[in-house]
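For reference, the structure discussed in these notes is given below.
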Amino acid sequence: MTATEVSRPLNHLLLTVTNTGSKNCDLIGYPAVRFGEAQSVPPAFEDSKPQAVVTLAPGESGYAGVLLSAADGSGSHGYTAKSLEVSFNDGAGAARPSLPAKGVYVDDSIGVSYWQSTMADALAW
């Protein structure tokens, strides 16, 4: 799994997970992301829920977008996070992708998309 800052849309992180196994893998629901020492995980954008479960064949990737903070500065309780833990809703454990060395700024506007089959769909939220 990787977590990549993107230039557009503003204040977004793209999560990419790749099936490195030999069997199909289903991405259920949305990733539960926890930045730094956060006690709770952000809500999912319900409008991003796909029509069907995203199934990855071996070698394929799935994506989720994370809105880190309000672009207009209207969010509150902001902080710079230097670590990220992403849990999977199917009980498959958690990943700890690297964040940029400077960290990422997160505020209470944070939200995450459901798993998507394309980057464009993941970053539409």
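Identifiers for the structure tokens are assigned positionally: chains receive A, B, ... in sequence, residues are indexed from 1 per chain, and ligands are indexed from 1 in the order shown.
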
Need to verify the contact set: region 4-15 of chain A, 9 Å, only C-alpha atoms, exclusion of same-chain residues closer than 4 positions in sequence. Can you return it as a PDB file with N, CA and C atoms, in the first residue's frame?
```pdb
ATOM      1  N   PRO A  31     -11.425   2.257   3.533  1.00  0.00           N
ATOM      2  CA  PRO A  31     -10.309   2.068   4.469  1.00  0.00           C
ATOM      3  C   PRO A  31     -10.523   2.884   5.745  1.00  0.00           C
ATOM      4  N   GLY A  62      -6.367  -1.039  -6.371  1.00  0.00           N
ATOM      5  CA  GLY A  62      -7.579  -0.328  -5.995  1.00  0.00           C
ATOM      6  C   GLY A  62      -7.175   0.959  -5.293  1.00  0.00           C
ATOM      7  N   TYR A  63      -8.116   1.905  -5.213  1.00  0.00           N
ATOM      8  CA  TYR A  63      -7.776   3.246  -4.760  1.00  0.00           C
ATOM      9  C   TYR A  63      -8.831   3.803  -3.813  1.00  0.00           C
ATOM     10  N   ALA A  64      -8.389   4.672  -2.930  1.00  0.00           N
ATOM     11  CA  ALA A  64      -9.291   5.457  -2.079  1.00  0.00           C
ATOM     12  C   ALA A  64      -8.679   6.834  -1.924  1.00  0.00           C
ATOM     13  N   GLY A  65      -9.543   7.839  -1.872  1.00  0.00           N
ATOM     14  CA  GLY A  65      -9.084   9.205  -1.673  1.00  0.00           C
ATOM     15  C   GLY A  65      -9.358   9.650  -0.251  1.00  0.00           C
ATOM     16  N   VAL A  66      -8.446  10.444   0.292  1.00  0.00           N
ATOM     17  CA  VAL A  66      -8.622  10.996   1.628  1.00  0.00           C
ATOM     18  C   VAL A  66      -8.571  12.517   1.527  1.00  0.00           C
ATOM     19  N   LEU A  67      -9.667  13.185   1.915  1.00  0.00           N
ATOM     20  CA  LEU A  67      -9.666  14.644   2.047  1.00  0.00           C
ATOM     21  C   LEU A  67      -9.032  14.936   3.397  1.00  0.00           C
ATOM     22  N   LEU A  68      -7.870  15.589   3.379  1.00  0.00           N
ATOM     23  CA  LEU A  68      -7.119  15.820   4.603  1.00  0.00           C
ATOM     24  C   LEU A  68      -7.616  17.019   5.407  1.00  0.00           C
ATOM     25  N   SER A  69      -7.963  18.091   4.684  1.00  0.00           N
ATOM     26  CA  SER A  69      -8.371  19.319   5.371  1.00  0.00           C
ATOM     27  C   SER A  69      -9.170  20.204   4.424  1.00  0.00           C
ATOM     28  N   ALA A  70      -9.880  21.146   4.989  1.00  0.00           N
ATOM     29  CA  ALA A  70     -10.699  22.063   4.194  1.00  0.00           C
ATOM     30  C   ALA A  70      -9.797  22.979   3.378  1.00  0.00           C
ATOM     31  N   ALA A  71     -10.044  23.067   2.077  1.00  0.00           N
ATOM     32  CA  ALA A  71      -9.225  23.897   1.183  1.00  0.00           C
ATOM     33  C   ALA A  71      -9.339  25.381   1.524  1.00  0.00           C
ATOM     34  N   PRO A  97       1.489   2.808   5.488  1.00  0.00           N
ATOM     35  CA  PRO A  97       2.237   3.442   4.396  1.00  0.00           C
ATOM     36  C   PRO A  97       2.959   4.696   4.873  1.00  0.00           C
ATOM     37  N   SER A  98       4.083   4.995   4.231  1.00  0.00           N
ATOM     38  CA  SER A  98       4.870   6.173   4.580  1.00  0.00           C
ATOM     39  C   SER A  98       4.159   7.444   4.140  1.00  0.00           C
ATOM     40  N   LEU A  99       4.327   8.483   4.931  1.00  0.00           N
ATOM     41  CA  LEU A  99       3.875   9.822   4.584  1.00  0.00           C
ATOM     42  C   LEU A  99       5.105  10.650   4.233  1.00  0.00           C
ATOM     43  N   PRO A 100       4.928  11.792   3.562  1.00  0.00           N
ATOM     44  CA  PRO A 100       6.079  12.664   3.302  1.00  0.00           C
ATOM     45  C   PRO A 100       6.788  13.013   4.612  1.00  0.00           C
ATOM     46  N   VAL A 104       1.642  15.453   6.864  1.00  0.00           N
ATOM     47  CA  VAL A 104       0.491  16.012   6.161  1.00  0.00           C
ATOM     48  C   VAL A 104      -0.389  16.728   7.176  1.00  0.00           C
ATOM     49  N   TYR A 105      -0.987  17.834   6.740  1.00  0.00           N
ATOM     50  CA  TYR A 105      -1.857  18.608   7.619  1.00  0.00           C
ATOM     51  C   TYR A 105      -3.268  18.031   7.556  1.00  0.00           C
ATOM     52  N   VAL A 106      -3.836  17.762   8.727  1.00  0.00           N
ATOM     53  CA  VAL A 106      -5.155  17.149   8.850  1.00  0.00           C
ATOM     54  C   VAL A 106      -6.001  18.037   9.763  1.00  0.00           C
ATOM     55  N   MET A 119      -8.208   5.639 -10.075  1.00  0.00           N
ATOM     56  CA  MET A 119      -7.713   6.799  -9.329  1.00  0.00           C
ATOM     57  C   MET A 119      -8.677   7.969  -9.469  1.00  0.00           C
ATOM     58  N   ALA A 122     -11.555   7.696  -7.149  1.00  0.00           N
ATOM     59  CA  ALA A 122     -11.139   7.874  -5.750  1.00  0.00           C
ATOM     60  C   ALA A 122     -10.922   9.344  -5.417  1.00  0.00           C
ATOM     61  N   LEU A 123     -10.441  10.117  -6.379  1.00  0.00           N
ATOM     62  CA  LEU A 123     -10.122  11.522  -6.117  1.00  0.00           C
ATOM     63  C   LEU A 123     -11.278  12.468  -6.459  1.00  0.00           C
ATOM     64  N   ALA A 124     -12.416  11.919  -6.832  1.00  0.00           N
ATOM     65  CA  ALA A 124     -13.579  12.754  -7.154  1.00  0.00           C
ATOM     66  C   ALA A 124     -14.260  13.289  -5.896  1.00  0.00           C
ATOM     67  N   TRP A 125     -13.857  12.839  -4.724  1.00  0.00           N
ATOM     68  CA  TRP A 125     -14.532  13.222  -3.472  1.00  0.00           C
ATOM     69  C   TRP A 125     -13.684  14.155  -2.709  1.00  0.00           C
TER      70      TRP A 125
END
```

Can you tell me, as a list of chain:residue names, what residues are no more than 10 Å from Ala38 (chain A) when counting only C-alpha atoms, ignoring any on the same chain fewer than 5 positions away?
-> A:Val33, A:Ala81, A:Leu84

Quick one: of A:Asn19, A:Leu27, A:Asp72, A:Ala32, who's nearest to Pro50 (chain A), counting only C-alpha atoms?
-> A:Leu27

Go ahead and compute the interatomic distance for CA of Glu85 (chain A) and CA of Ser109 (chain A), in Å to one decimal.
-> 18.3 Å

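Among A:Thr2, A:Ser40, A:Ser83, A:Ser61, the residue with the shortest atom-to-atom distance to Gly21 (chain A), counting only C-alpha atoms, is A:Ser61.
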
Using DSSP on the backbone coordinates, identify the residues of chain A assigned to alpha helix (DSSP H); present them as a PDB file with N, CA and C atoms, in the first residue's frame.
```
ATOM      1  N   MET A 119      -8.208   5.639 -10.075  1.00  0.00           N
ATOM      2  CA  MET A 119      -7.713   6.799  -9.329  1.00  0.00           C
ATOM      3  C   MET A 119      -8.677   7.969  -9.469  1.00  0.00           C
ATOM      4  N   ALA A 120      -9.176   8.181 -10.674  1.00  0.00           N
ATOM      5  CA  ALA A 120     -10.072   9.318 -10.923  1.00  0.00           C
ATOM      6  C   ALA A 120     -11.310   9.241 -10.031  1.00  0.00           C
ATOM      7  N   ASP A 121     -11.894   8.052  -9.903  1.00  0.00           N
ATOM      8  CA  ASP A 121     -13.069   7.903  -9.045  1.00  0.00           C
ATOM      9  C   ASP A 121     -12.710   8.156  -7.579  1.00  0.00           C
ATOM     10  N   ALA A 122     -11.555   7.696  -7.149  1.00  0.00           N
ATOM     11  CA  ALA A 122     -11.139   7.874  -5.750  1.00  0.00           C
ATOM     12  C   ALA A 122     -10.922   9.344  -5.417  1.00  0.00           C
TER      13      ALA A 122
END
```

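Of the listed residues A:Thr20, A:Asp26, A:Asp47, A:Asp108, the one whose atoms come nearest to Gly78 (chain A) is A:Asp108, with distances taken using only C-alpha atoms.
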
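CA of Asn24 (chain A) is positioned 27.5 Å from CA of Gly111 (chain A).
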
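Comparing the minimum interatomic distances between Phe88 (chain A) and each of A:Val53, A:Glu60, A:Ala44, A:Trp115, counting only C-alpha atoms, we find that A:Trp115 sits nearest.
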
Taking the DSSP assignment computed from this structure's backbone, write out as a ChimeraX atom specification all residues of chain A that belong to strand (DSSP E or B).
-> /A:2-6,12-18,25-27,32-35,44,54-56,61-67,79-81,84-87,94-95,104-106,111-112,116

Now that the selection is made, can you save its residues with N, CA and C atoms as a short mmCIF file (atom, residue, chain, number, x, y, z; two decimals), in the first residue's frame?
```cif
data_model
loop_
_atom_site.label_atom_id
_atom_site.label_comp_id
_atom_site.auth_asym_id
_atom_site.auth_seq_id
_atom_site.Cartn_x
_atom_site.Cartn_y
_atom_site.Cartn_z
N THR A 2 0.42 2.23 -0.76
CA THR A 2 1.11 3.51 -0.76
C THR A 2 0.11 4.62 -0.45
N ALA A 3 0.63 5.72 0.07
CA ALA A 3 -0.14 6.94 0.32
C ALA A 3 0.61 8.07 -0.37
N THR A 4 -0.04 8.70 -1.35
CA THR A 4 0.63 9.71 -2.16
C THR A 4 -0.13 11.03 -2.11
N GLU A 5 0.59 12.13 -1.81
CA GLU A 5 -0.02 13.45 -1.89
C GLU A 5 -0.24 13.76 -3.36
N VAL A 6 -1.38 14.32 -3.70
CA VAL A 6 -1.67 14.70 -5.07
C VAL A 6 -1.83 16.22 -5.15
N HIS A 12 -5.56 16.46 -0.74
CA HIS A 12 -5.97 15.06 -0.88
C HIS A 12 -4.76 14.14 -0.85
N LEU A 13 -5.01 12.95 -0.36
CA LEU A 13 -4.04 11.87 -0.33
C LEU A 13 -4.67 10.72 -1.09
N LEU A 14 -3.90 10.06 -1.95
CA LEU A 14 -4.40 8.90 -2.70
C LEU A 14 -3.82 7.64 -2.08
N LEU A 15 -4.70 6.75 -1.62
CA LEU A 15 -4.28 5.45 -1.13
C LEU A 15 -4.37 4.45 -2.28
N THR A 16 -3.30 3.70 -2.49
CA THR A 16 -3.26 2.68 -3.54
C THR A 16 -2.88 1.36 -2.91
N VAL A 17 -3.71 0.36 -3.13
CA VAL A 17 -3.41 -0.98 -2.63
C VAL A 17 -3.34 -1.91 -3.84
N THR A 18 -2.32 -2.77 -3.87
CA THR A 18 -2.12 -3.68 -4.99
C THR A 18 -2.20 -5.12 -4.51
N CYS A 25 -8.90 -10.60 -4.88
CA CYS A 25 -9.04 -9.98 -3.56
C CYS A 25 -10.15 -8.95 -3.64
N ASP A 26 -11.07 -8.96 -2.67
CA ASP A 26 -12.15 -7.98 -2.63
C ASP A 26 -11.81 -6.87 -1.66
N LEU A 27 -12.03 -5.64 -2.10
CA LEU A 27 -11.88 -4.48 -1.22
C LEU A 27 -13.27 -4.12 -0.71
N ALA A 32 -10.20 2.30 6.86
CA ALA A 32 -10.26 3.01 8.14
C ALA A 32 -8.87 3.61 8.36
N VAL A 33 -8.77 4.92 8.17
CA VAL A 33 -7.48 5.59 8.27
C VAL A 33 -7.34 6.27 9.64
N ARG A 34 -6.14 6.18 10.17
CA ARG A 34 -5.86 6.81 11.47
C ARG A 34 -4.52 7.53 11.34
N PHE A 35 -4.57 8.87 11.46
CA PHE A 35 -3.37 9.67 11.34
C PHE A 35 -2.79 9.95 12.71
N ALA A 44 -16.72 8.02 5.97
CA ALA A 44 -16.64 7.85 4.53
C ALA A 44 -17.63 8.79 3.85
N VAL A 54 -15.30 -3.78 -5.08
CA VAL A 54 -14.15 -3.71 -5.98
C VAL A 54 -13.34 -4.99 -5.81
N THR A 55 -13.22 -5.75 -6.89
CA THR A 55 -12.46 -7.00 -6.89
C THR A 55 -11.18 -6.81 -7.68
N LEU A 56 -10.06 -7.16 -7.05
CA LEU A 56 -8.76 -7.02 -7.70
C LEU A 56 -8.23 -8.39 -8.08
N SER A 61 -4.68 -2.93 -8.95
CA SER A 61 -4.70 -2.00 -7.83
C SER A 61 -6.09 -1.41 -7.61
N GLY A 62 -6.37 -1.04 -6.37
CA GLY A 62 -7.58 -0.33 -6.00
C GLY A 62 -7.18 0.96 -5.29
N TYR A 63 -8.12 1.90 -5.21
CA TYR A 63 -7.78 3.25 -4.76
C TYR A 63 -8.83 3.80 -3.81
N ALA A 64 -8.39 4.67 -2.93
CA ALA A 64 -9.29 5.46 -2.08
C ALA A 64 -8.68 6.83 -1.92
N GLY A 65 -9.54 7.84 -1.87
CA GLY A 65 -9.08 9.20 -1.67
C GLY A 65 -9.36 9.65 -0.25
N VAL A 66 -8.45 10.44 0.29
CA VAL A 66 -8.62 11.00 1.63
C VAL A 66 -8.57 12.52 1.53
N LEU A 67 -9.67 13.18 1.92
CA LEU A 67 -9.67 14.64 2.05
C LEU A 67 -9.03 14.94 3.40
N TYR A 79 -3.71 19.65 12.75
CA TYR A 79 -2.38 19.24 13.22
C TYR A 79 -1.63 18.59 12.06
N THR A 80 -0.33 18.48 12.22
CA THR A 80 0.49 17.81 11.22
C THR A 80 0.73 16.37 11.67
N ALA A 81 0.30 15.44 10.83
CA ALA A 81 0.47 14.01 11.13
C ALA A 81 1.71 13.48 10.41
N LEU A 84 0.63 7.16 9.51
CA LEU A 84 -0.69 6.74 9.03
C LEU A 84 -0.83 5.24 9.18
N GLU A 85 -1.98 4.82 9.71
CA GLU A 85 -2.32 3.40 9.76
C GLU A 85 -3.64 3.23 9.01
N VAL A 86 -3.69 2.25 8.12
CA VAL A 86 -4.88 1.98 7.33
C VAL A 86 -5.34 0.55 7.61
N SER A 87 -6.54 0.42 8.14
CA SER A 87 -7.10 -0.91 8.43
C SER A 87 -8.10 -1.28 7.34
N ALA A 94 -3.78 -4.42 8.97
CA ALA A 94 -3.55 -3.01 8.72
C ALA A 94 -2.22 -2.81 7.99
N ALA A 95 -2.14 -1.69 7.30
CA ALA A 95 -0.91 -1.29 6.62
C ALA A 95 -0.47 0.04 7.21
N VAL A 104 1.64 15.45 6.86
CA VAL A 104 0.49 16.01 6.16
C VAL A 104 -0.39 16.73 7.18
N TYR A 105 -0.99 17.83 6.74
CA TYR A 105 -1.86 18.61 7.62
C TYR A 105 -3.27 18.03 7.56
N VAL A 106 -3.84 17.76 8.73
CA VAL A 106 -5.15 17.15 8.85
C VAL A 106 -6.00 18.04 9.76
N GLY A 111 -12.17 13.21 5.57
CA GLY A 111 -13.11 12.19 5.12
C GLY A 111 -12.40 11.28 4.14
N VAL A 112 -12.98 10.12 3.89
CA VAL A 112 -12.36 9.13 3.01
C VAL A 112 -13.40 8.57 2.04
N GLN A 116 -12.25 2.28 -4.68
CA GLN A 116 -12.64 2.47 -6.07
C GLN A 116 -11.70 1.69 -6.99
#
```

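Nearest to Ser76 (chain A) of all the residues A:Ala52, A:Ile110, A:Ala101, A:Ile28 is A:Ile110, counting only C-alpha atoms.
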
How far is it from CA of Ser48 (chain A) to CA of Ser74 (chain A), in Å with one decimal?
-> 22.6 Å
